[in-house]
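coords-v4.cif (mmCIF, C-alpha atoms) appears below.
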```
data_model
#
loop_
_atom_site.label_atom_id
_atom_site.label_comp_id
_atom_site.auth_asym_id
_atom_site.auth_seq_id
_atom_site.Cartn_x
_atom_site.Cartn_y
_atom_site.Cartn_z
CA MET A 174 -25.23 -27.34 -1.02
CA THR A 175 -23.88 -30.73 0.04
CA PHE A 176 -20.43 -31.18 1.48
CA ASP A 177 -19.32 -32.81 -1.77
CA ASP A 178 -20.58 -29.83 -3.75
CA GLU A 179 -18.86 -27.54 -1.31
CA ASP A 180 -15.57 -29.37 -1.62
CA ALA A 181 -15.86 -29.34 -5.38
CA LEU A 182 -16.55 -25.61 -5.39
CA VAL A 183 -13.62 -24.87 -3.10
CA ALA A 184 -11.37 -27.01 -5.29
CA ARG A 185 -12.58 -25.17 -8.38
CA LEU A 186 -11.94 -21.79 -6.79
CA LEU A 187 -8.44 -22.84 -5.83
CA ARG A 188 -7.79 -24.06 -9.36
CA ALA A 189 -8.93 -20.71 -10.71
CA GLY A 190 -6.61 -18.97 -8.26
CA ARG A 191 -3.65 -21.10 -9.29
CA ALA A 192 -4.35 -20.49 -12.96
CA ASP A 193 -4.55 -16.73 -12.53
CA GLY A 194 -1.51 -14.68 -13.36
CA PRO A 195 -0.13 -11.62 -15.07
CA SER A 196 -0.82 -10.99 -18.71
CA ALA A 197 1.80 -12.27 -21.13
CA ARG A 198 2.67 -8.70 -22.01
CA ALA A 199 3.19 -7.71 -18.37
CA LEU A 200 5.32 -10.78 -17.80
CA ARG A 201 7.54 -9.98 -20.76
CA ALA A 202 7.91 -6.36 -19.69
CA ALA A 203 8.65 -7.20 -16.05
CA PRO A 204 12.44 -7.78 -16.29
CA LEU A 205 12.95 -4.46 -18.04
CA ALA A 206 10.75 -2.63 -15.56
CA VAL A 207 12.49 -4.22 -12.57
CA GLY A 208 15.85 -3.25 -14.01
CA ALA A 209 14.70 0.33 -14.31
CA LEU A 210 13.46 0.31 -10.73
CA LEU A 211 16.73 -1.14 -9.51
CA THR A 212 18.55 1.89 -10.78
CA SER A 213 16.29 4.26 -8.97
CA THR A 214 16.58 2.35 -5.73
CA ALA A 215 20.35 2.63 -5.75
CA ALA A 216 20.78 -1.05 -6.35
CA HIS A 217 24.23 -0.50 -7.69
CA ALA A 218 25.56 0.64 -4.35
CA ALA A 219 23.90 -2.20 -2.52
CA LEU A 220 25.00 -4.89 -4.90
CA SER A 221 28.54 -3.63 -5.12
CA GLN A 222 28.86 -4.49 -1.45
CA VAL A 223 27.81 -8.05 -2.00
CA GLY A 224 30.87 -10.24 -1.86
CA GLY A 225 31.91 -13.82 -1.87
CA ALA A 226 31.90 -16.59 -4.40
CA ALA A 227 28.35 -17.60 -3.63
CA VAL A 228 27.05 -14.26 -4.87
CA ALA A 229 29.24 -13.99 -7.93
CA GLU A 230 26.32 -14.42 -10.28
CA VAL A 231 24.08 -11.89 -8.64
CA GLY A 232 26.96 -9.48 -8.56
CA ARG A 233 27.20 -9.90 -12.30
CA ALA A 234 23.45 -9.91 -12.57
CA VAL A 235 23.32 -6.21 -11.98
CA SER A 236 26.77 -5.25 -13.20
CA PRO A 237 27.82 -1.68 -13.87
CA LEU A 238 27.44 -2.26 -17.58
CA VAL A 239 23.82 -3.09 -17.18
CA LEU A 240 23.28 -0.32 -14.70
CA VAL A 241 24.58 2.17 -17.23
CA LYS A 242 21.56 1.32 -19.31
CA TRP A 243 19.21 1.97 -16.43
CA ILE A 244 21.08 5.05 -15.37
CA ALA A 245 20.41 6.37 -18.85
CA VAL A 246 16.72 5.61 -18.38
CA GLY A 247 16.76 7.25 -14.96
CA THR A 248 18.56 10.30 -16.26
CA LEU A 249 16.04 10.78 -18.99
CA ALA A 250 13.08 10.28 -16.68
CA GLY A 251 14.61 12.56 -14.05
CA SER A 252 15.37 15.28 -16.56
CA SER A 253 11.87 15.14 -17.94
CA LEU A 254 10.33 15.24 -14.49
CA MET A 255 12.53 18.09 -13.35
CA ALA A 256 11.69 20.07 -16.43
CA VAL A 257 8.00 19.70 -15.70
CA VAL A 258 8.28 20.27 -11.99
CA ARG A 259 10.64 23.18 -12.14
CA ALA A 260 9.43 24.91 -15.26
CA PRO A 261 6.82 27.10 -13.54
CA GLU A 262 9.23 27.96 -10.76
CA LEU A 263 12.02 28.76 -13.17
CA LEU A 264 9.78 30.87 -15.32
CA ARG A 265 8.66 32.77 -12.22
CA GLN A 266 12.24 33.30 -11.13
CA LYS A 267 13.10 34.53 -14.55
CA SER A 268 10.18 36.92 -14.60
CA GLU A 269 11.32 38.33 -11.29
CA ALA A 270 14.84 38.71 -12.57
CA GLU A 271 13.58 40.43 -15.68
CA ALA A 272 11.44 42.75 -13.61
CA GLN A 273 14.44 43.85 -11.66
CA LEU A 274 16.63 44.10 -14.76
CA VAL A 275 19.74 44.11 -12.71
CA PRO A 276 23.06 43.98 -14.49
CA GLN A 277 23.74 40.64 -12.87
CA ARG A 278 21.01 39.07 -14.98
CA ALA A 279 23.34 37.47 -17.40
CA ALA A 280 25.58 36.19 -14.67
CA SER A 281 22.66 34.56 -12.92
CA LEU A 282 21.79 32.39 -15.88
CA PRO A 283 24.63 29.90 -15.54
CA ALA A 284 23.55 29.20 -12.00
CA ALA A 285 20.20 27.97 -13.14
CA THR A 286 19.59 24.41 -14.15
CA ALA A 287 19.97 23.22 -17.69
CA ALA A 288 16.23 23.37 -18.19
CA SER A 289 16.11 26.87 -16.80
CA ALA A 290 18.91 27.98 -19.07
CA LYS A 291 17.18 26.51 -22.07
CA LEU A 292 13.95 28.18 -21.14
CA ALA A 293 15.72 31.44 -20.47
CA GLU A 294 17.53 31.37 -23.78
CA LEU A 295 14.34 30.86 -25.63
CA GLN A 296 12.45 33.59 -23.81
CA PRO A 297 12.44 37.00 -25.55
CA ALA A 298 15.08 39.17 -23.94
CA PRO A 299 13.77 42.28 -22.21
CA GLU A 300 14.89 45.67 -23.30
CA LEU A 301 17.55 47.04 -21.05
CA PRO A 302 17.13 50.46 -19.53
CA PRO A 303 19.48 53.18 -20.71
CA ASP A 304 21.53 52.95 -17.53
CA ALA A 305 21.99 49.21 -17.72
CA ASP A 306 25.42 47.71 -17.72
CA PRO A 307 26.57 47.37 -21.36
CA ALA A 308 28.64 44.32 -20.42
CA ALA A 309 25.53 42.54 -19.20
CA ALA A 310 23.67 43.52 -22.33
CA SER A 311 26.39 42.24 -24.60
CA SER A 312 26.42 38.89 -22.82
CA LEU A 313 22.83 38.20 -23.75
CA PRO A 314 22.24 36.01 -26.80
CA SER A 315 21.68 38.16 -29.83
CA SER A 316 19.16 35.89 -31.50
CA VAL A 317 16.87 35.13 -28.60
CA THR A 318 14.20 37.57 -29.58
CA SER A 319 13.48 35.74 -32.81
CA ALA A 320 13.65 32.15 -31.49
CA PRO A 321 10.32 30.35 -31.08
CA ARG A 322 9.49 29.20 -27.59
CA PRO A 323 9.59 25.45 -26.96
CA ASP A 324 6.46 23.74 -25.75
CA VAL A 325 8.15 21.98 -22.85
CA ALA A 326 5.00 20.37 -21.56
CA ARG A 327 4.32 18.80 -24.94
CA GLU A 328 7.92 17.68 -25.23
CA VAL A 329 7.80 16.05 -21.83
CA SER A 330 4.50 14.40 -22.63
CA LEU A 331 5.85 12.97 -25.88
CA LEU A 332 9.08 11.86 -24.22
CA ASP A 333 7.13 10.14 -21.49
CA ALA A 334 4.95 8.39 -24.02
CA ALA A 335 8.00 7.31 -26.00
CA ARG A 336 9.72 6.05 -22.86
CA ARG A 337 6.62 4.10 -21.90
CA ALA A 338 6.45 2.56 -25.35
CA LEU A 339 10.08 1.55 -25.09
CA VAL A 340 9.69 0.05 -21.64
CA GLN A 341 6.66 -1.86 -22.88
CA GLY A 342 8.76 -3.32 -25.66
CA ASN A 343 7.57 -1.20 -28.54
CA PRO A 344 10.60 0.68 -29.88
CA ALA A 345 8.88 1.34 -33.21
CA GLU A 346 6.16 3.28 -31.42
CA ALA A 347 8.81 5.07 -29.37
CA LEU A 348 10.58 6.14 -32.56
CA ARG A 349 7.32 7.30 -34.09
CA LEU A 350 6.63 9.51 -31.07
CA LEU A 351 10.17 10.84 -31.16
CA ALA A 352 9.73 11.69 -34.83
CA THR A 353 6.72 13.77 -33.80
CA LEU A 354 9.00 15.61 -31.42
CA GLU A 355 11.37 16.45 -34.24
CA ARG A 356 8.62 18.35 -36.00
CA LEU A 357 8.24 20.80 -33.13
CA PRO A 358 9.46 24.29 -34.06
CA ALA A 359 11.58 24.61 -30.92
CA ARG A 360 12.89 22.00 -28.55
CA ALA A 361 14.27 22.25 -25.04
CA LEU A 362 14.82 18.56 -24.42
CA MET A 363 16.54 17.47 -27.59
CA PRO A 364 19.47 15.74 -25.81
CA GLU A 365 17.11 13.64 -23.71
CA ALA A 366 15.14 12.71 -26.80
CA THR A 367 18.33 11.66 -28.55
CA VAL A 368 19.21 9.26 -25.74
CA LEU A 369 15.78 7.75 -26.00
CA GLN A 370 16.06 7.54 -29.77
CA VAL A 371 19.35 5.66 -29.54
CA ARG A 372 17.92 3.26 -27.00
CA ALA A 373 14.92 2.61 -29.21
CA LEU A 374 17.16 2.03 -32.22
CA LEU A 375 19.26 -0.42 -30.23
CA ALA A 376 16.12 -2.11 -29.03
CA GLN A 377 14.96 -2.78 -32.54
CA GLY A 378 18.38 -3.92 -33.63
CA SER A 379 19.36 -0.86 -35.71
CA ARG A 380 22.78 -0.62 -34.20
CA ASP A 381 24.45 1.20 -37.09
CA GLU A 382 21.77 3.84 -37.13
CA ALA A 383 22.02 4.19 -33.38
CA ARG A 384 25.75 4.73 -33.69
CA ALA A 385 25.24 7.31 -36.44
CA VAL A 386 22.71 9.27 -34.37
CA SER A 387 25.01 9.12 -31.36
CA GLU A 388 28.02 10.35 -33.33
CA ARG A 389 26.03 13.16 -34.90
CA PHE A 390 24.87 14.33 -31.49
CA CYS A 391 28.31 14.07 -29.90
CA LYS A 392 29.83 16.04 -32.75
CA SER A 393 27.63 18.99 -31.88
CA ALA A 394 27.61 18.54 -28.10
CA ALA A 395 30.72 16.62 -27.13
CA ALA A 396 30.76 17.96 -23.57
CA SER A 397 27.17 17.15 -22.73
CA PRO A 398 26.41 14.37 -20.24
CA GLN A 399 24.08 12.80 -22.78
CA CYS A 400 27.01 12.32 -25.13
CA ALA A 401 28.77 10.16 -22.56
CA ILE A 402 25.59 8.15 -22.05
CA LEU A 403 25.14 7.68 -25.78
CA ARG A 404 28.70 6.52 -26.25
CA THR A 405 28.33 4.03 -23.44
CA LEU A 406 25.04 2.74 -24.80
CA VAL A 407 26.44 2.21 -28.26
CA ALA A 408 29.79 0.86 -27.10
CA THR A 409 28.36 -1.68 -24.72
CA SER A 410 25.41 -2.50 -26.97
CA VAL A 411 23.33 -3.11 -23.91
CA ILE A 412 20.87 -5.85 -24.40
CA GLN A 413 17.51 -4.72 -25.65
CA PRO A 414 14.74 -7.09 -26.59
CA ARG A 415 13.20 -7.12 -30.03
CA PRO A 416 9.79 -5.46 -30.28
CA SER A 417 8.05 -8.72 -31.03
CA ARG A 418 9.56 -10.36 -27.99
CA LEU A 419 8.75 -7.73 -25.43
CA MET B 300 20.07 -21.28 9.65
CA ILE B 301 18.15 -19.05 7.35
CA ALA B 302 16.20 -17.24 10.01
CA LEU B 303 19.31 -16.57 12.05
CA SER B 304 21.64 -14.82 9.70
CA LYS B 305 19.49 -13.26 7.00
CA LYS B 306 22.58 -13.34 4.81
CA PHE B 307 22.01 -15.30 1.71
CA ALA B 308 23.04 -15.35 -1.85
CA VAL B 309 20.87 -15.60 -4.90
CA ASP B 310 22.84 -18.18 -6.77
CA LEU B 311 21.17 -17.59 -10.04
CA ALA B 312 23.70 -19.57 -12.00
CA ALA B 313 23.01 -22.68 -9.99
CA ASP B 314 19.35 -22.27 -10.62
CA GLU B 315 19.56 -21.51 -14.29
CA SER B 316 18.64 -25.02 -15.35
CA ALA B 317 15.24 -24.52 -13.77
CA ALA B 318 14.71 -21.21 -15.47
CA PRO B 319 12.50 -20.83 -18.52
CA PRO B 320 14.22 -20.88 -21.90
CA ARG B 321 16.12 -17.73 -22.66
CA GLU B 322 14.92 -15.44 -25.32
CA PRO B 323 17.48 -14.29 -27.83
CA THR B 324 18.19 -10.61 -27.65
CA ALA B 325 18.49 -8.11 -30.40
CA THR B 326 21.84 -6.57 -29.73
CA SER B 327 23.58 -9.45 -28.09
CA GLU B 328 26.66 -9.97 -30.19
CA PRO B 329 29.84 -12.00 -29.93
CA GLY B 330 31.85 -8.92 -29.05
CA GLU B 331 29.55 -7.88 -26.29
CA PRO B 332 30.94 -8.08 -22.76
CA ALA B 333 30.00 -11.37 -21.15
CA GLY B 334 29.11 -9.60 -17.92
CA ALA B 335 26.36 -7.60 -19.56
CA ARG B 336 24.85 -10.65 -21.22
CA SER B 337 25.01 -12.71 -18.07
CA ALA B 338 23.62 -9.81 -16.08
CA ASP B 339 20.51 -9.28 -18.12
CA THR B 340 19.94 -13.00 -18.53
CA ALA B 341 20.22 -13.81 -14.83
CA LEU B 342 18.00 -10.95 -13.78
CA SER B 343 15.52 -11.71 -16.51
CA ALA B 344 15.45 -15.41 -15.63
CA LEU B 345 14.71 -14.75 -11.98
CA VAL B 346 12.01 -12.20 -12.71
CA THR B 347 10.40 -14.29 -15.42
CA ARG B 348 10.38 -17.38 -13.22
CA GLU B 349 9.05 -15.82 -10.02
CA TYR B 350 6.93 -12.96 -11.32
CA PRO B 351 3.69 -14.93 -11.78
CA ALA B 352 3.79 -16.26 -8.21
CA VAL B 353 4.47 -12.84 -6.73
CA TRP B 354 1.77 -11.33 -8.92
CA ARG B 355 -0.79 -13.95 -7.84
CA PHE B 356 0.10 -13.57 -4.17
CA LEU B 357 -0.31 -9.80 -4.30
CA ARG B 358 -3.54 -10.11 -6.20
CA ARG B 359 -5.00 -12.62 -3.74
CA LEU B 360 -3.94 -10.39 -0.88
CA GLY B 361 -6.25 -7.78 -2.33
CA VAL B 362 -3.98 -5.56 -4.39
CA PRO B 363 -6.21 -4.15 -7.16
CA SER B 364 -5.58 -5.50 -10.63
CA SER B 365 -4.72 -2.02 -11.86
CA GLU B 366 -1.88 -1.79 -9.36
CA VAL B 367 -0.62 -5.33 -9.09
CA ASP B 368 1.99 -5.14 -11.85
CA ASP B 369 3.55 -2.01 -10.37
CA ALA B 370 3.48 -3.59 -6.93
CA ALA B 371 5.09 -6.81 -8.15
CA GLN B 372 7.86 -4.91 -9.92
CA ARG B 373 8.56 -2.93 -6.76
CA VAL B 374 8.75 -6.15 -4.76
CA PHE B 375 11.47 -7.48 -7.05
CA ALA B 376 13.34 -4.20 -7.00
CA ARG B 377 13.14 -4.11 -3.22
CA VAL B 378 14.44 -7.64 -2.75
CA LEU B 379 17.15 -7.42 -5.39
CA GLY B 380 18.12 -3.91 -4.44
CA GLN B 381 18.48 -4.32 -0.70
CA GLY B 382 21.69 -6.28 -1.00
CA GLU B 383 20.54 -9.17 1.12
CA ARG B 384 22.15 -12.40 0.09
CA ILE B 385 19.51 -14.95 -0.65
CA GLN B 386 20.25 -18.63 -0.80
CA ALA B 387 19.45 -20.49 -3.97
CA GLY B 388 15.99 -21.96 -3.69
CA SER B 389 14.82 -19.38 -1.16
CA GLU B 390 14.20 -16.59 -3.62
CA ARG B 391 10.48 -17.16 -3.67
CA ALA B 392 10.19 -17.04 0.11
CA TYR B 393 12.05 -13.72 0.22
CA LEU B 394 9.94 -12.32 -2.57
CA MET B 395 6.76 -13.44 -0.83
CA ARG B 396 7.89 -11.81 2.38
CA ALA B 397 8.43 -8.54 0.57
CA ALA B 398 5.15 -8.96 -1.27
CA PHE B 399 3.24 -9.51 1.98
CA ARG B 400 4.72 -6.33 3.44
CA ALA B 401 3.98 -4.44 0.24
CA ALA B 402 0.38 -5.63 0.25
CA LEU B 403 -0.09 -4.58 3.87
CA GLU B 404 1.41 -1.17 3.13
CA GLN B 405 -0.80 -0.84 0.10
CA GLN B 406 -3.88 -1.74 2.14
CA ARG B 407 -2.96 0.76 4.82
CA ALA B 408 -2.43 3.46 2.21
CA LYS B 409 -5.74 2.61 0.62
CA ARG B 410 -7.52 2.82 3.95
CA ARG B 411 -5.97 6.22 4.56
CA TRP B 412 -7.05 7.35 1.14
CA LEU B 413 -10.54 5.95 1.61
CA SER B 414 -10.89 7.74 4.92
CA ARG B 415 -10.44 10.98 3.02
CA ALA B 416 -12.76 9.97 0.21
CA ALA B 417 -15.56 8.31 2.09
CA ALA B 418 -17.85 7.93 -0.89
CA VAL B 419 -15.69 5.35 -2.61
CA ASP B 420 -16.83 1.76 -2.40
CA VAL B 421 -14.04 -0.55 -1.27
CA ASP B 422 -15.20 -3.33 -3.56
CA GLU B 423 -15.12 -1.02 -6.52
CA THR B 424 -11.50 -0.16 -5.93
CA SER B 425 -10.42 -3.76 -5.80
CA SER B 426 -12.62 -5.23 -8.49
CA THR B 427 -10.98 -7.22 -11.23
CA LEU B 428 -11.24 -5.85 -14.71
CA PRO B 429 -12.10 -8.56 -17.21
CA ARG B 430 -9.17 -9.82 -19.20
CA PRO B 431 -9.59 -11.16 -22.69
CA ASP B 432 -7.62 -14.30 -21.93
CA GLN B 433 -9.91 -15.32 -19.09
CA SER B 434 -13.19 -17.09 -19.61
CA LEU B 435 -16.32 -15.79 -17.97
CA ALA B 436 -16.49 -18.82 -15.66
CA GLN B 437 -12.88 -18.32 -14.61
CA ARG B 438 -13.52 -14.66 -13.85
CA GLU B 439 -16.57 -15.56 -11.81
CA ASP B 440 -14.57 -18.13 -9.87
CA LEU B 441 -11.81 -15.60 -9.23
CA ARG B 442 -14.34 -13.08 -8.07
CA LEU B 443 -15.82 -15.53 -5.60
CA LEU B 444 -12.34 -16.59 -4.51
CA ASP B 445 -11.37 -12.99 -3.79
CA ARG B 446 -14.62 -12.32 -1.97
CA ALA B 447 -14.05 -15.36 0.21
CA LEU B 448 -10.45 -14.32 0.85
CA ASP B 449 -11.70 -10.86 1.81
CA GLN B 450 -13.40 -12.50 4.79
CA LEU B 451 -10.07 -13.69 6.18
CA ALA B 452 -7.77 -11.65 8.39
CA PRO B 453 -4.53 -10.66 6.60
CA ASP B 454 -2.34 -13.21 8.42
CA LEU B 455 -4.74 -16.06 7.64
CA ARG B 456 -5.20 -14.84 4.11
CA ALA B 457 -1.45 -14.84 3.54
CA VAL B 458 -0.83 -18.34 4.88
CA PHE B 459 -3.85 -19.70 3.04
CA THR B 460 -2.76 -18.18 -0.26
CA LEU B 461 0.80 -19.40 0.08
CA SER B 462 -0.27 -22.86 1.18
CA GLU B 463 -3.30 -23.57 -0.99
CA LEU B 464 -2.67 -21.47 -4.09
CA GLU B 465 1.11 -21.21 -4.31
CA GLU B 466 1.56 -24.62 -2.71
CA LEU B 467 4.53 -23.63 -0.61
CA THR B 468 5.60 -25.97 2.17
CA PHE B 469 5.09 -24.97 5.81
CA THR B 470 8.83 -24.43 6.07
CA GLU B 471 8.83 -22.08 3.11
CA ILE B 472 5.83 -20.19 4.48
CA ALA B 473 7.54 -19.93 7.85
CA LEU B 474 10.54 -18.36 6.14
CA ALA B 475 8.42 -16.06 4.02
CA LEU B 476 6.25 -14.77 6.84
CA GLU B 477 8.87 -15.04 9.60
CA LEU B 478 6.72 -17.34 11.70
CA PRO B 479 7.43 -20.55 13.62
CA ARG B 480 6.53 -23.61 11.57
CA GLY B 481 3.97 -24.71 14.16
CA THR B 482 2.21 -21.38 13.92
CA VAL B 483 2.05 -21.72 10.16
CA ALA B 484 0.46 -25.17 10.49
CA SER B 485 -2.21 -23.97 12.89
CA ARG B 486 -2.95 -20.87 10.83
CA VAL B 487 -3.30 -22.88 7.65
CA ARG B 488 -5.79 -25.17 9.35
CA ARG B 489 -7.75 -22.24 10.71
CA ALA B 490 -7.61 -20.41 7.39
CA LYS B 491 -9.00 -23.42 5.51
CA GLU B 492 -11.96 -23.60 7.89
CA ARG B 493 -12.65 -19.89 7.60
CA PHE B 494 -12.31 -19.94 3.85
CA THR B 495 -14.76 -22.81 3.48
CA GLN B 496 -17.21 -21.06 5.80
CA ALA B 497 -16.86 -17.89 3.76
CA VAL B 498 -17.54 -19.72 0.50
CA ARG B 499 -20.58 -21.37 2.06
CA ARG B 500 -21.85 -18.03 3.31
CA LEU B 501 -21.33 -16.33 -0.03
CA GLN B 502 -23.03 -19.19 -1.86
CA SER B 503 -26.01 -19.30 0.45
CA GLY B 504 -26.34 -15.55 0.12
CA GLY B 505 -26.37 -15.91 -3.64
CA ILE B 506 -23.32 -13.74 -4.04
CA ARG B 507 -21.33 -14.69 -7.11
#
```

Translate the structure described by the file into structure tokens.
Amino acid sequence: MTFDDEDALVARLLRAGRADGPSARALRAAPLAVGALLTSTAAHAALSQVGGAAVAEVGRAVSPLVLVKWIAVGTLAGSSLMAVVRAPELLRQKSEAEAQLVPQRAASLPAATAASAKLAELQPAPELPPDADPAAASSLPSSVTSAPRPDVAREVSLLDAARRALVQGNPAEALRLLATLERLPARALMPEATVLQVRALLAQGSRDEARAVSERFCKSAAASPQCAILRTLVATSVIQPRPSRL
Amino acid sequence: MIALSKKFAVDLAADESAAPPREPTATSEPGEPAGARSADTALSALVTREYPAVWRFLRRLGVPSSEVDDAAQRVFARVLGQGERIQAGSERAYLMRAAFRAALEQQRAKRRWLSRAAAVDVDETSSTLPRPDQSLAQREDLRLLDRALDQLAPDLRAVFTLSELEELTFTEIALALELPRGTVASRVRRAKERFTQAVRRLQSGGIR
């Protein structure tokens, strides 16, 4: 190879390197993904300390309003993860509690996490021994024995897939996956799914429907943390890209 | 000034004219709070503008194609989330600095992982999967480019990539890699020589 050939080859390689880049899809999804990461890295706290006129725009760039959106994403992801991670442990704890059948069983339930409580409610209640505390027995849900058990792993898997679809800019796919969830006989993560559903509806521009879903949920669970998230999402109409643009 | 204080502001508003055209958003309405609109737009503009450069830098530093998007997103989150004030025009240098660190961490992690799984071929883990939007010739050139870059030490590889591929000035590279400008100049010169030698070696060995 002559020096000229060598120079030409090096130049060609450098041109190829300069022309390389992320896929168009990854580039479009990047802002959304970075925003989600910012929430989990406690960007809010860091940016709230940034002062001065020169940083006014960046201060607004990650304002609390926007962070609410990502907090909602984080909450959903965290809840899903915790449900998966803690489910075996919680089930084991519950089995141990059932084995002991102590009168304090009912009192111990509120101390468990939300996922644990949901799992516990949907587990068949054990029969109490004759000497068990009647007060404890009466505090147990009366209908638990007939309730079907939720398939938490499947729920989490579908929620994750829906969340991924949403982050990748495909709210229609997210809504399709969430519709699959609705067909499950029992659900432990319905509030989390509702938050995701509202976000997907907002993302595809169905604001009225999003508001309706949010109001329906809050009517039945006004005190839940998801209700507050839903109200904020709908009220602030946080910016979501159209499916075709992300 | 920059290297002394490390306190800079990302003046995104000042830089907005250089940003790519904004995309309209679905739920952006007249009644929506201006802060939220401005927030998403400014963040989106910065990420959209700088993402390709960060992506390319990470990729040329050897981050596998399957991991480079995640790595690039983390770089942005790290820089924007650490609360450092970055001066307008210096965003890329700060991002490149974070990207260089991330690539080194990734390489260290990979080496640790490989030491536990000795049977894995290093080249296999970093090979580029074909992308439909790249021609065969372009993929071959990128493969040879990456193989040649693999022959360079990390510090030379970084300065070479920033200088020859990202076309940053020596001053910008000095800021990004926290090096004296003179050191950058000498490393770039050395890196060019090594890179050319590596290409020659790979060509003579018939490796494409």

Starting from the displayed file, determine the output of the PyMOL selection byres ((chain B and resi 485) around 12) and express the residue list as a PyMOL selection string.
chain B and resi 454-455+458-459+462+469+473+478-484+486-492

Selected residues written out with C-alpha atoms, as a PDB file, in the coordinates of the input:
```
ATOM      1  CA  ASP B 454      -2.340 -13.210   8.420  1.00  0.00           C
ATOM      2  CA  LEU B 455      -4.740 -16.060   7.640  1.00  0.00           C
ATOM      3  CA  VAL B 458      -0.830 -18.340   4.880  1.00  0.00           C
ATOM      4  CA  PHE B 459      -3.850 -19.700   3.040  1.00  0.00           C
ATOM      5  CA  SER B 462      -0.270 -22.860   1.180  1.00  0.00           C
ATOM      6  CA  PHE B 469       5.090 -24.970   5.810  1.00  0.00           C
ATOM      7  CA  ALA B 473       7.540 -19.930   7.850  1.00  0.00           C
ATOM      8  CA  LEU B 478       6.720 -17.340  11.700  1.00  0.00           C
ATOM      9  CA  PRO B 479       7.430 -20.550  13.620  1.00  0.00           C
ATOM     10  CA  ARG B 480       6.530 -23.610  11.570  1.00  0.00           C
ATOM     11  CA  GLY B 481       3.970 -24.710  14.160  1.00  0.00           C
ATOM     12  CA  THR B 482       2.210 -21.380  13.920  1.00  0.00           C
ATOM     13  CA  VAL B 483       2.050 -21.720  10.160  1.00  0.00           C
ATOM     14  CA  ALA B 484       0.460 -25.170  10.490  1.00  0.00           C
ATOM     15  CA  ARG B 486      -2.950 -20.870  10.830  1.00  0.00           C
ATOM     16  CA  VAL B 487      -3.300 -22.880   7.650  1.00  0.00           C
ATOM     17  CA  ARG B 488      -5.790 -25.170   9.350  1.00  0.00           C
ATOM     18  CA  ARG B 489      -7.750 -22.240  10.710  1.00  0.00           C
ATOM     19  CA  ALA B 490      -7.610 -20.410   7.390  1.00  0.00           C
ATOM     20  CA  LYS B 491      -9.000 -23.420   5.510  1.00  0.00           C
ATOM     21  CA  GLU B 492     -11.960 -23.600   7.890  1.00  0.00           C
TER      22      GLU B 492
END
```

So the first atom is CA of Ala408 (chain A) and the second is CA of Ala361 (chain A); what is the distance between them in Å, to one decimal place?
26.5 Å

Written as a tab-separated table (two decimals) with C-alpha atoms, in the coordinates of the input, which residues does the PyMOL selection byres ((chain A and resi 354-359) around 7) give for the file shown?
```
chain	number	residue	atom	x	y	z
A	321	PRO	CA	10.32	30.35	-31.08
A	322	ARG	CA	9.49	29.20	-27.59
A	323	PRO	CA	9.59	25.45	-26.96
A	328	GLU	CA	7.92	17.68	-25.23
A	331	LEU	CA	5.85	12.97	-25.88
A	350	LEU	CA	6.63	9.51	-31.07
A	351	LEU	CA	10.17	10.84	-31.16
A	352	ALA	CA	9.73	11.69	-34.83
A	353	THR	CA	6.72	13.77	-33.80
A	360	ARG	CA	12.89	22.00	-28.55
A	361	ALA	CA	14.27	22.25	-25.04
```

Which residue, B:Ala376, B:Ile472, B:Ala401, B:Leu357, has the smallest gap to chain A when you use only C-alpha atoms?
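For chain A, the nearest of the given residues is B:Ala376.
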
Report the distance between CA of Lys409 (chain B) and CA of Ala447 (chain B) in Å, rounded to one decimal place.
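If I compute the distance from CA of Lys409 (chain B) to CA of Ala447 (chain B), I get 19.8 Å.
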
So, counting all atoms listed in the file, which residue among B:Glu349, B:Glu471, B:Glu366, B:Glu465 is closest to chain A?
B:Glu465

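Between CA of Gln405 (chain B) and CA of Ala203 (chain A) the interatomic distance comes to 19.8 Å.
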
Counting all atoms listed in the file, which residues have an atom no more than 12 Å from (2.1, -7.2, -20.0) in the file's coordinates? Please list them as a ChimeraX atom specification.
/A:194-206,338,340-343,418-419 /B:347,350-351,354,365,367-369,372,430

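Closest to chain B among A:Val407, A:Ile402, A:Val368, A:Ala335 is A:Val407, based on all atoms listed in the file.
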
Write out as a ChimeraX atom specification which residues come within 8 Å of Val498 (chain B) when counting all atoms listed in the file, dropping same-chain ones fewer than 2 positions away.
/A:183 /B:443-444,447,494-496,500-502
